[in-house]
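A short write-up of the structure that comes next.
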Amino acid sequence: SALGAGSQPPSPSRAASILGVDVSFLDVPAPPDVAGVPADAEVLPSGLATKLLLRPTCALSKSMPLDSAQCREERPRAYDKVQIDYVGWQPSGKMFDSSRLEKRVVRVNSVMAGWTEGLQLMAPGEKRRFWVPPELAFGSNSTDERRPAGPLVFDVDMYNVERQPKPPEELAAPPKSATFTASGLAYQVLKPGTGAGGALPESNITALYNGWSSSGDLILSTSFGAQSTFLLKEVPIKGLVEGAQLMREGETTRFWIPAD
(Lines give C-alpha, C1' and ligand atoms only; values in the text may rest on other atoms or scores of the structure.)
Protein backbone atom coordinates (compact mmCIF):
# COMPACT_ATOMS: atom_id res chain seq x y z
CA SER A 1 0.00 0.00 0.00
CA ALA A 2 1.10 3.53 -0.64
CA LEU A 3 0.35 4.25 2.99
CA GLY A 4 3.21 2.08 4.14
CA ALA A 5 0.97 0.35 6.67
CA GLY A 6 0.38 -3.33 6.12
CA SER A 7 -0.73 -5.30 3.08
CA GLN A 8 -3.64 -4.14 0.96
CA PRO A 9 -5.52 -5.53 -2.04
CA PRO A 10 -3.63 -5.06 -5.31
CA SER A 11 -4.24 -1.88 -7.24
CA PRO A 12 -6.23 -2.18 -10.50
CA SER A 13 -3.06 -2.06 -12.61
CA ARG A 14 -1.59 -4.92 -10.59
CA ALA A 15 -4.85 -6.88 -10.73
CA ALA A 16 -4.87 -6.50 -14.50
CA SER A 17 -1.44 -8.12 -14.76
CA ILE A 18 -2.61 -11.00 -12.57
CA LEU A 19 -5.92 -11.67 -14.27
CA GLY A 20 -4.90 -10.76 -17.79
CA VAL A 21 -7.76 -8.27 -18.01
CA ASP A 22 -7.25 -4.58 -18.69
CA VAL A 23 -9.20 -2.67 -16.03
CA SER A 24 -7.15 0.50 -16.19
CA PHE A 25 -10.30 2.37 -17.24
CA LEU A 26 -11.27 2.20 -13.55
CA ASP A 27 -8.27 4.32 -12.55
CA VAL A 28 -8.99 7.80 -11.24
CA PRO A 29 -7.66 10.33 -13.79
CA ALA A 30 -4.58 12.21 -12.63
CA PRO A 31 -4.94 15.92 -11.86
CA PRO A 32 -3.42 18.37 -14.35
CA ASP A 33 -0.69 19.38 -11.88
CA VAL A 34 0.48 15.83 -11.16
CA ALA A 35 3.84 16.28 -12.93
CA GLY A 36 5.18 18.93 -10.59
CA VAL A 37 4.40 21.26 -7.71
CA PRO A 38 2.29 24.19 -9.00
CA ALA A 39 2.85 27.80 -8.06
CA ASP A 40 -0.31 27.93 -5.91
CA ALA A 41 0.82 25.07 -3.65
CA GLU A 42 2.41 25.66 -0.24
CA VAL A 43 5.86 24.12 0.14
CA LEU A 44 6.72 23.25 3.74
CA PRO A 45 10.27 23.26 5.19
CA SER A 46 10.42 19.44 4.95
CA GLY A 47 9.87 19.58 1.18
CA LEU A 48 6.26 18.40 1.38
CA ALA A 49 3.96 20.51 -0.82
CA THR A 50 0.22 20.81 -0.34
CA LYS A 51 -2.85 22.54 -1.74
CA LEU A 52 -6.30 22.85 -0.20
CA LEU A 53 -9.01 21.37 -2.45
CA LEU A 54 -12.01 21.37 -0.09
CA ARG A 55 -12.32 23.35 3.11
CA PRO A 56 -12.89 21.52 6.43
CA THR A 57 -16.22 21.52 8.24
CA CYS A 58 -14.75 23.81 10.91
CA ALA A 59 -14.16 26.53 8.29
CA LEU A 60 -16.54 25.96 5.39
CA SER A 61 -16.85 29.67 4.62
CA LYS A 62 -13.84 31.47 3.18
CA SER A 63 -14.43 34.13 5.81
CA MET A 64 -13.59 31.57 8.52
CA PRO A 65 -9.84 31.16 9.17
CA LEU A 66 -8.30 27.73 8.74
CA ASP A 67 -6.10 28.37 11.78
CA SER A 68 -9.01 29.08 14.13
CA ALA A 69 -8.97 27.51 17.59
CA GLN A 70 -11.74 25.12 16.53
CA CYS A 71 -9.84 23.88 13.47
CA ARG A 72 -6.63 23.47 15.45
CA GLU A 73 -8.53 21.46 18.03
CA GLU A 74 -10.06 19.18 15.39
CA ARG A 75 -6.79 18.26 13.66
CA PRO A 76 -5.27 14.90 14.55
CA ARG A 77 -2.17 14.41 16.64
CA ALA A 78 0.56 12.06 15.46
CA TYR A 79 -0.77 9.17 17.58
CA ASP A 80 -4.45 9.60 16.64
CA LYS A 81 -6.27 7.55 14.01
CA VAL A 82 -8.03 9.11 11.03
CA GLN A 83 -10.66 7.90 8.60
CA ILE A 84 -9.72 8.82 5.03
CA ASP A 85 -10.11 8.18 1.32
CA TYR A 86 -7.11 8.65 -0.94
CA VAL A 87 -5.72 8.25 -4.45
CA GLY A 88 -2.02 8.14 -5.31
CA TRP A 89 -0.29 8.86 -8.64
CA GLN A 90 3.22 8.93 -9.97
CA PRO A 91 4.31 12.14 -11.80
CA SER A 92 3.67 10.35 -15.10
CA GLY A 93 -0.04 10.30 -14.22
CA LYS A 94 -0.14 6.56 -13.50
CA MET A 95 -2.38 5.73 -10.57
CA PHE A 96 -0.64 3.19 -8.32
CA ASP A 97 -2.92 3.07 -5.27
CA SER A 98 -6.38 4.05 -4.08
CA SER A 99 -8.69 3.38 -1.15
CA ARG A 100 -11.52 3.05 -3.73
CA LEU A 101 -13.82 5.10 -1.50
CA GLU A 102 -13.64 2.45 1.24
CA LYS A 103 -12.70 4.91 4.01
CA ARG A 104 -9.49 3.47 5.43
CA VAL A 105 -8.59 4.06 9.08
CA VAL A 106 -4.88 4.64 9.77
CA ARG A 107 -2.79 5.85 12.69
CA VAL A 108 -1.17 9.12 11.65
CA ASN A 109 2.38 8.16 12.65
CA SER A 110 2.18 4.64 11.16
CA VAL A 111 2.33 5.80 7.52
CA MET A 112 4.96 7.40 5.27
CA ALA A 113 6.64 10.50 6.68
CA GLY A 114 4.97 12.80 4.16
CA TRP A 115 1.56 11.56 5.24
CA THR A 116 2.37 11.83 8.94
CA GLU A 117 3.17 15.50 8.41
CA GLY A 118 0.35 16.20 5.96
CA LEU A 119 -2.49 14.52 7.83
CA GLN A 120 -1.81 16.70 10.87
CA LEU A 121 -2.59 19.76 8.71
CA MET A 122 -6.12 18.51 8.03
CA ALA A 123 -9.45 18.56 9.85
CA PRO A 124 -12.62 16.52 9.19
CA GLY A 125 -14.36 17.43 5.95
CA GLU A 126 -11.13 18.65 4.36
CA LYS A 127 -9.55 17.49 1.09
CA ARG A 128 -5.94 18.19 0.20
CA ARG A 129 -3.47 17.35 -2.53
CA PHE A 130 0.06 16.46 -1.47
CA TRP A 131 3.25 16.35 -3.52
CA VAL A 132 5.52 14.06 -1.53
CA PRO A 133 9.27 14.06 -2.28
CA PRO A 134 11.07 10.68 -2.33
CA GLU A 135 12.70 11.19 1.05
CA LEU A 136 9.25 11.52 2.65
CA ALA A 137 7.77 8.62 0.63
CA PHE A 138 9.43 5.34 -0.41
CA GLY A 139 12.79 6.75 -1.41
CA SER A 140 14.46 6.75 -4.81
CA ASN A 141 15.39 3.08 -5.14
CA SER A 142 12.22 1.09 -4.39
CA THR A 143 11.50 -1.74 -6.81
CA ASP A 144 8.04 -2.55 -5.40
CA GLU A 145 5.37 -1.28 -7.82
CA ARG A 146 3.00 -0.82 -4.88
CA ARG A 147 5.59 1.47 -3.24
CA PRO A 148 7.09 3.24 -6.26
CA ALA A 149 10.33 5.17 -6.10
CA GLY A 150 10.48 8.89 -6.68
CA PRO A 151 8.08 11.74 -5.93
CA LEU A 152 4.40 10.90 -5.48
CA VAL A 153 1.13 12.82 -5.57
CA PHE A 154 -1.90 12.09 -3.37
CA ASP A 155 -5.42 13.43 -3.02
CA VAL A 156 -6.68 12.80 0.52
CA ASP A 157 -10.17 13.27 1.98
CA MET A 158 -10.42 13.27 5.78
CA TYR A 159 -13.73 12.21 7.31
CA ASN A 160 -13.10 11.65 10.98
CA VAL A 161 -10.47 11.76 13.73
CA GLU A 162 -10.42 8.99 16.33
CA ARG A 163 -8.69 10.38 19.41
CA GLN A 164 -6.22 8.01 21.04
CA PRO A 165 -4.44 8.24 24.41
CA LYS A 166 -0.87 9.46 24.08
CA PRO A 167 1.55 6.52 24.19
CA PRO A 168 4.65 6.67 26.38
CA GLU A 169 7.95 7.68 24.80
CA GLU A 170 9.63 4.40 25.81
CA LEU A 171 7.62 1.87 23.84
CA ALA A 172 10.36 -0.35 22.45
CA ALA A 173 12.17 -0.92 25.75
CA PRO A 174 11.94 0.16 29.39
CA PRO A 175 14.14 3.03 30.59
CA LYS A 176 17.21 2.40 32.72
CA SER A 177 15.32 3.79 35.70
CA ALA A 178 12.72 0.98 35.56
CA THR A 179 12.64 -1.80 38.14
CA PHE A 180 12.86 -5.40 36.92
CA THR A 181 11.42 -8.51 38.52
CA ALA A 182 12.84 -12.02 38.24
CA SER A 183 10.35 -12.84 35.46
CA GLY A 184 11.64 -10.00 33.26
CA LEU A 185 8.69 -7.70 33.96
CA ALA A 186 9.79 -4.06 34.12
CA TYR A 187 7.84 -1.30 35.84
CA GLN A 188 7.99 2.31 36.90
CA VAL A 189 5.71 3.94 39.46
CA LEU A 190 4.30 7.16 37.97
CA LYS A 191 2.09 8.10 40.91
CA PRO A 192 2.46 6.48 44.37
CA GLY A 193 -0.63 5.00 45.94
CA THR A 194 -1.84 5.67 49.47
CA GLY A 195 -4.28 2.81 49.92
CA ALA A 196 -3.98 -0.86 50.69
CA GLY A 197 -1.88 -3.23 48.63
CA GLY A 198 -1.43 -6.96 48.53
CA ALA A 199 -3.84 -7.97 45.75
CA LEU A 200 -3.89 -11.73 45.18
CA PRO A 201 -4.72 -13.76 42.06
CA GLU A 202 -8.11 -14.49 43.67
CA SER A 203 -8.83 -10.76 44.17
CA ASN A 204 -11.40 -8.78 42.26
CA ILE A 205 -9.82 -5.47 41.26
CA THR A 206 -10.95 -2.32 39.48
CA ALA A 207 -8.40 -0.53 37.28
CA LEU A 208 -8.21 1.97 34.44
CA TYR A 209 -5.56 1.15 31.85
CA ASN A 210 -4.17 1.65 28.36
CA GLY A 211 -1.99 -0.93 26.64
CA TRP A 212 0.18 -0.47 23.53
CA SER A 213 2.24 -2.70 21.28
CA SER A 214 5.91 -1.79 20.84
CA SER A 215 4.99 -0.23 17.48
CA GLY A 216 2.55 2.21 19.12
CA ASP A 217 -0.78 0.52 18.35
CA LEU A 218 -3.34 0.83 21.16
CA ILE A 219 -4.34 -2.79 21.85
CA LEU A 220 -6.60 -2.47 24.87
CA SER A 221 -8.03 0.39 26.88
CA THR A 222 -10.80 0.95 29.38
CA SER A 223 -11.43 4.23 27.53
CA PHE A 224 -12.56 2.12 24.55
CA GLY A 225 -14.69 -0.47 26.31
CA ALA A 226 -12.17 -2.86 27.90
CA GLN A 227 -13.36 -4.39 31.18
CA SER A 228 -12.37 -2.36 34.25
CA THR A 229 -13.40 -4.76 37.04
CA PHE A 230 -12.18 -8.35 36.86
CA LEU A 231 -10.89 -11.37 38.75
CA LEU A 232 -7.14 -10.99 38.59
CA LYS A 233 -6.30 -14.64 37.95
CA GLU A 234 -8.53 -14.62 34.85
CA VAL A 235 -6.42 -11.97 33.12
CA PRO A 236 -4.71 -13.76 30.20
CA ILE A 237 -1.55 -11.59 30.31
CA LYS A 238 0.76 -13.00 32.99
CA GLY A 239 2.73 -9.80 33.28
CA LEU A 240 -0.38 -7.86 34.25
CA VAL A 241 -1.32 -10.45 36.87
CA GLU A 242 2.15 -10.14 38.39
CA GLY A 243 2.24 -6.36 38.10
CA ALA A 244 -1.13 -5.73 39.70
CA GLN A 245 0.01 -7.60 42.79
CA LEU A 246 2.85 -5.10 43.22
CA MET A 247 0.52 -2.08 43.31
CA ARG A 248 -1.32 -0.16 46.02
CA GLU A 249 -4.74 1.47 45.74
CA GLY A 250 -4.50 4.84 44.00
CA GLU A 251 -1.18 4.00 42.34
CA THR A 252 -0.37 4.56 38.68
CA THR A 253 2.35 2.30 37.28
CA ARG A 254 3.73 1.69 33.81
CA PHE A 255 4.67 -1.89 32.91
CA TRP A 256 6.84 -3.26 30.12
CA ILE A 257 5.80 -6.87 29.63
CA PRO A 258 8.14 -9.32 27.84
CA ALA A 259 6.66 -11.49 25.08
CA ASP A 260 7.04 -14.68 27.07
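Chain labels A, B, ... are given in the sequence in which chains occur in the C-alpha coordinates; within each chain residues are numbered consecutively from 1, and ligands are likewise numbered from 1 in the order shown.
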Contact residues around region 245-248 of chain A with only C-alpha atoms at 6 Å, ignoring same-chain residues under 6 positions, as a VMD selection string: chain A and resid 193 195 to 199
Counting only C-alpha atoms, which residues in region 132-236 of chain A sit no more than 12 Å from region 100-108 of chain A? For each one, give the nearest pair of atoms and the distance in Å, sorted by chain then residue number, as a Markdown table.
| residue | atom | partner | partner_atom | distance |
| --- | --- | --- | --- | --- |
| A:Asp155 | CA | A:Leu101 | CA | 11.9 |
| A:Val156 | CA | A:Lys103 | CA | 10.5 |
| A:Asp157 | CA | A:Lys103 | CA | 9.0 |
| A:Met158 | CA | A:Lys103 | CA | 8.8 |
| A:Tyr159 | CA | A:Lys103 | CA | 8.1 |
| A:Asn160 | CA | A:Val105 | CA | 9.0 |
| A:Val161 | CA | A:Val105 | CA | 9.2 |
| A:Glu162 | CA | A:Val105 | CA | 9.0 |
| A:Arg163 | CA | A:Arg107 | CA | 10.0 |
| A:Gln164 | CA | A:Arg107 | CA | 9.3 |
| A:Ser215 | CA | A:Arg107 | CA | 11.0 |
| A:Gly216 | CA | A:Arg107 | CA | 9.1 |
| A:Asp217 | CA | A:Arg107 | CA | 8.0 |
| A:Leu218 | CA | A:Arg107 | CA | 9.9 |
Those residues with all heavy atoms, as an mmCIF file, in the first residue's frame please?
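And here is the file that came out, part26.cif:
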data_model
loop_
_atom_site.group_PDB
_atom_site.id
_atom_site.type_symbol
_atom_site.label_atom_id
_atom_site.label_comp_id
_atom_site.auth_asym_id
_atom_site.auth_seq_id
_atom_site.Cartn_x
_atom_site.Cartn_y
_atom_site.Cartn_z
ATOM 1 N N ASP A 155 -4.236 12.696 -3.465
ATOM 2 C CA ASP A 155 -5.421 13.429 -3.016
ATOM 3 C C ASP A 155 -5.977 12.690 -1.820
ATOM 4 O O ASP A 155 -6.176 11.460 -1.878
ATOM 5 C CB ASP A 155 -6.482 13.496 -4.120
ATOM 6 C CG ASP A 155 -6.194 14.590 -5.136
ATOM 7 O OD1 ASP A 155 -5.164 15.287 -4.998
ATOM 8 O OD2 ASP A 155 -7.004 14.735 -6.080
ATOM 9 N N VAL A 156 -6.226 13.413 -0.728
ATOM 10 C CA VAL A 156 -6.685 12.799 0.516
ATOM 11 C C VAL A 156 -7.924 13.523 1.014
ATOM 12 O O VAL A 156 -7.931 14.757 1.117
ATOM 13 C CB VAL A 156 -5.591 12.843 1.603
ATOM 14 C CG1 VAL A 156 -6.086 12.165 2.880
ATOM 15 C CG2 VAL A 156 -4.306 12.171 1.116
ATOM 16 N N ASP A 157 -8.976 12.756 1.316
ATOM 17 C CA ASP A 157 -10.175 13.272 1.981
ATOM 18 C C ASP A 157 -10.154 12.781 3.420
ATOM 19 O O ASP A 157 -9.973 11.576 3.658
ATOM 20 C CB ASP A 157 -11.449 12.744 1.318
ATOM 21 C CG ASP A 157 -11.656 13.270 -0.082
ATOM 22 O OD1 ASP A 157 -11.114 12.656 -1.033
ATOM 23 O OD2 ASP A 157 -12.372 14.264 -0.225
ATOM 24 N N MET A 158 -10.352 13.666 4.373
ATOM 25 C CA MET A 158 -10.423 13.266 5.778
ATOM 26 C C MET A 158 -11.862 13.359 6.262
ATOM 27 O O MET A 158 -12.515 14.396 6.114
ATOM 28 C CB MET A 158 -9.521 14.137 6.655
ATOM 29 C CG MET A 158 -9.550 13.746 8.134
ATOM 30 S SD MET A 158 -8.372 14.671 9.159
ATOM 31 C CE MET A 158 -6.814 13.984 8.585
ATOM 32 N N TYR A 159 -12.344 12.264 6.845
ATOM 33 C CA TYR A 159 -13.726 12.207 7.313
ATOM 34 C C TYR A 159 -13.852 12.334 8.826
ATOM 35 O O TYR A 159 -14.790 12.945 9.324
ATOM 36 C CB TYR A 159 -14.376 10.891 6.878
ATOM 37 C CG TYR A 159 -14.485 10.755 5.383
ATOM 38 C CD1 TYR A 159 -13.599 9.946 4.678
ATOM 39 C CD2 TYR A 159 -15.445 11.453 4.667
ATOM 40 C CE1 TYR A 159 -13.680 9.819 3.305
ATOM 41 C CE2 TYR A 159 -15.542 11.338 3.290
ATOM 42 C CZ TYR A 159 -14.648 10.516 2.609
ATOM 43 O OH TYR A 159 -14.718 10.406 1.241
ATOM 44 N N ASN A 160 -12.917 11.729 9.540
ATOM 45 C CA ASN A 160 -13.102 11.653 10.983
ATOM 46 C C ASN A 160 -11.743 11.482 11.657
ATOM 47 O O ASN A 160 -10.811 10.932 11.077
ATOM 48 C CB ASN A 160 -14.007 10.460 11.325
ATOM 49 C CG ASN A 160 -14.392 10.408 12.780
ATOM 50 O OD1 ASN A 160 -14.635 11.444 13.404
ATOM 51 N ND2 ASN A 160 -14.411 9.221 13.357
ATOM 52 N N VAL A 161 -11.652 11.966 12.889
ATOM 53 C CA VAL A 161 -10.471 11.763 13.727
ATOM 54 C C VAL A 161 -10.877 10.939 14.937
ATOM 55 O O VAL A 161 -11.836 11.281 15.637
ATOM 56 C CB VAL A 161 -9.869 13.105 14.184
ATOM 57 C CG1 VAL A 161 -8.712 12.872 15.156
ATOM 58 C CG2 VAL A 161 -9.401 13.920 12.988
ATOM 59 N N GLU A 162 -10.183 9.842 15.164
ATOM 60 C CA GLU A 162 -10.420 8.988 16.328
ATOM 61 C C GLU A 162 -9.320 9.264 17.350
ATOM 62 O O GLU A 162 -8.180 8.840 17.176
ATOM 63 C CB GLU A 162 -10.428 7.513 15.927
ATOM 64 C CG GLU A 162 -11.512 7.161 14.922
ATOM 65 C CD GLU A 162 -11.470 5.697 14.521
ATOM 66 O OE1 GLU A 162 -10.711 4.915 15.141
ATOM 67 O OE2 GLU A 162 -12.195 5.334 13.574
ATOM 68 N N ARG A 163 -9.678 10.000 18.405
ATOM 69 C CA ARG A 163 -8.692 10.380 19.408
ATOM 70 C C ARG A 163 -8.166 9.146 20.149
ATOM 71 O O ARG A 163 -8.934 8.255 20.514
ATOM 72 C CB ARG A 163 -9.299 11.338 20.419
ATOM 73 C CG ARG A 163 -9.727 12.670 19.825
ATOM 74 C CD ARG A 163 -8.542 13.441 19.286
ATOM 75 N NE ARG A 163 -8.931 14.763 18.767
ATOM 76 C CZ ARG A 163 -8.145 15.518 18.041
ATOM 77 N NH1 ARG A 163 -6.926 15.103 17.727
ATOM 78 N NH2 ARG A 163 -8.560 16.681 17.591
ATOM 79 N N GLN A 164 -6.864 9.109 20.341
ATOM 80 C CA GLN A 164 -6.215 8.013 21.040
ATOM 81 C C GLN A 164 -5.437 8.572 22.231
ATOM 82 O O GLN A 164 -4.946 9.702 22.188
ATOM 83 C CB GLN A 164 -5.226 7.295 20.114
ATOM 84 C CG GLN A 164 -5.830 6.805 18.806
ATOM 85 C CD GLN A 164 -6.719 5.595 18.982
ATOM 86 O OE1 GLN A 164 -6.263 4.536 19.402
ATOM 87 N NE2 GLN A 164 -7.984 5.746 18.662
ATOM 88 N N SER A 215 5.047 -1.088 18.658
ATOM 89 C CA SER A 215 4.987 -0.227 17.478
ATOM 90 C C SER A 215 4.081 0.985 17.683
ATOM 91 O O SER A 215 3.983 1.850 16.811
ATOM 92 C CB SER A 215 4.493 -1.024 16.267
ATOM 93 O OG SER A 215 3.158 -1.473 16.479
ATOM 94 N N GLY A 216 3.395 1.053 18.828
ATOM 95 C CA GLY A 216 2.552 2.207 19.125
ATOM 96 C C GLY A 216 1.072 1.992 18.935
ATOM 97 O O GLY A 216 0.277 2.909 19.161
ATOM 98 N N ASP A 217 0.645 0.790 18.520
ATOM 99 C CA ASP A 217 -0.782 0.523 18.353
ATOM 100 C C ASP A 217 -1.444 0.340 19.723
ATOM 101 O O ASP A 217 -0.943 -0.416 20.571
ATOM 102 C CB ASP A 217 -1.009 -0.743 17.526
ATOM 103 C CG ASP A 217 -0.732 -0.518 16.052
ATOM 104 O OD1 ASP A 217 -1.088 0.553 15.544
ATOM 105 O OD2 ASP A 217 -0.161 -1.423 15.413
ATOM 106 N N LEU A 218 -2.559 1.020 19.937
ATOM 107 C CA LEU A 218 -3.338 0.825 21.158
ATOM 108 C C LEU A 218 -4.061 -0.515 21.047
ATOM 109 O O LEU A 218 -4.854 -0.726 20.133
ATOM 110 C CB LEU A 218 -4.349 1.960 21.318
ATOM 111 C CG LEU A 218 -5.185 1.949 22.596
ATOM 112 C CD1 LEU A 218 -4.312 2.274 23.806
ATOM 113 C CD2 LEU A 218 -6.334 2.952 22.491
#
By how many Å are CA of Lys191 (chain A) and CA of Gly250 (chain A) apart? 8.0 Å
Region 89-91 of chain A surroundings by only C-alpha atoms, 7 Å radius, close-in-sequence under 3 positions cut, as a PyMOL selection string: chain A and resi 30+34-36+94-96+151-154
I need the strand (DSSP E or B) residues of region 78-176 of chain A per DSSP on the backbone, written as an MDAnalysis selection string. chainID A and resid 81:89 95:98 104:107 127:132 152:162
